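Shown next, in structure tokens, is the structure this report addresses.
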Amino acid sequence: MSYPLPLAEGALALEGGGMRGAFTTGVLDYMLEKNVVFDRVYGVSAGACHACSYLSLQPGRAFRVVADYVNDPRYMSFFNLLKGEDMFPAEFVYHTIPDGLDPYDYKTANEYPGRFYAVTTDCNSGKARYFEIKDLRGDIDKVRASASLPLLSHMVKIDGGDYLDGGMSDSIPVKRALADGAKKCVAVLTRDADYLKEPSGVYRLARIMTPRHRGLAESMKNRHLMYNETVNYIKKASAAGEIFVFRPEKERLDVGRLEKDRSKLERLYAHGYETAEANWERMMEYLSK
């Protein structure tokens, strides 16, 4: 499979969720198996990272990058914070792996004729910013910013601004996709249908550690409100046939945000693949309306 490839008309919105994104990789691999790539893709945090392998038409790679290195301290470790690095060190994750250990097909990715956006949070304003990714090597810091967890990562400098994880300001960018003109939107979520976020007091720590970035603390304080409002909107839009949703079942979702048990990740990947397979005809019917 390679470009030029007929693109599905519509937007694909990928939620983050850390290691729960193993579900997303299963869905995306089934899409690649069926030669379906959307003409607009919006990725948040881990969703933005997994979108990269989807758009480079490399099935299996998104899952490998997580599962093969999840217990490698070069990939993820709290001890990295003591060394002044991110919990997920940028050099290893965004350069060592794609440039050597599990080569990324930059050429194919850059031939993608659609539009790919990485959702980030502006730490000064607390608002979402949607960076279009046109060159995966040159724009990799925009993807990195989308997946840089607050308090566990350094802010990423882009065009003089400071950016972090897009999940704090727009966790599931379906409204943005529709506002941009998409007639159809398929969302891949990493939480079950009954999940709602609870308030968190972590924003108080952000106020202390990053006093110059008040917008960051405010976005963290209000994140549960933003998230729950978006989830409720998606439920209504999905019931009305305006959005199509893939989401994991609660009893199959035993993976934590920083999960290190590879067997659990493999089961969640399989659940994503099976969910896409079981709902494929319904999705294609939705897209054809």
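Naming works like this for the structure tokens: A, B, ... for the chains as they're shown, residue 1 at the start of each chain, ligands 1 onward in shown order.
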> Near Ala67 of chain A, within 8 Å and counting only C-alpha atoms, which residues show up once chain neighbours fewer than 6 positions away are dropped, as a count of residues only?
Replying inline: 3
>> Neighbouring residues of Tyr203 of chain A were defined as those with any atom within 10 Å, considering only C-alpha atoms; residues of the same chain fewer than 2 positions away were excluded. Please report them as JSON, numbers by chain.
In response: {"A": [150, 151, 199, 200, 201, 205, 206, 207, 208, 209, 214, 216, 217, 218, 219, 220, 221, 222, 223]}
> Neighbours of Leu5 of chain A within 12 Å (only C-alpha atoms; same-chain residues fewer than 5 positions away dropped), as an MDAnalysis selection string?
Replying inline: chainID A and resid 32 34:39 55:57 108 111:114
>> Need the shell around segment 157-174 of chain A: protein/DNA/RNA residues with any atom at most 9 Å away, counting only C-alpha atoms. Skip same-chain ones fewer than 2 positions apart. Format as number ranges by chain?
In response: A: 11-17, 42-45, 118-124, 126-130, 141-142, 144-150, 153-155, 176-179, 185-189, 213, 216, 219-220, 222-224, 226-227, 230-231, 234, 243
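Across the structure, atom CA of Leu287 of chain A and atom CA of Val245 of chain A are spaced 12.1 Å apart.
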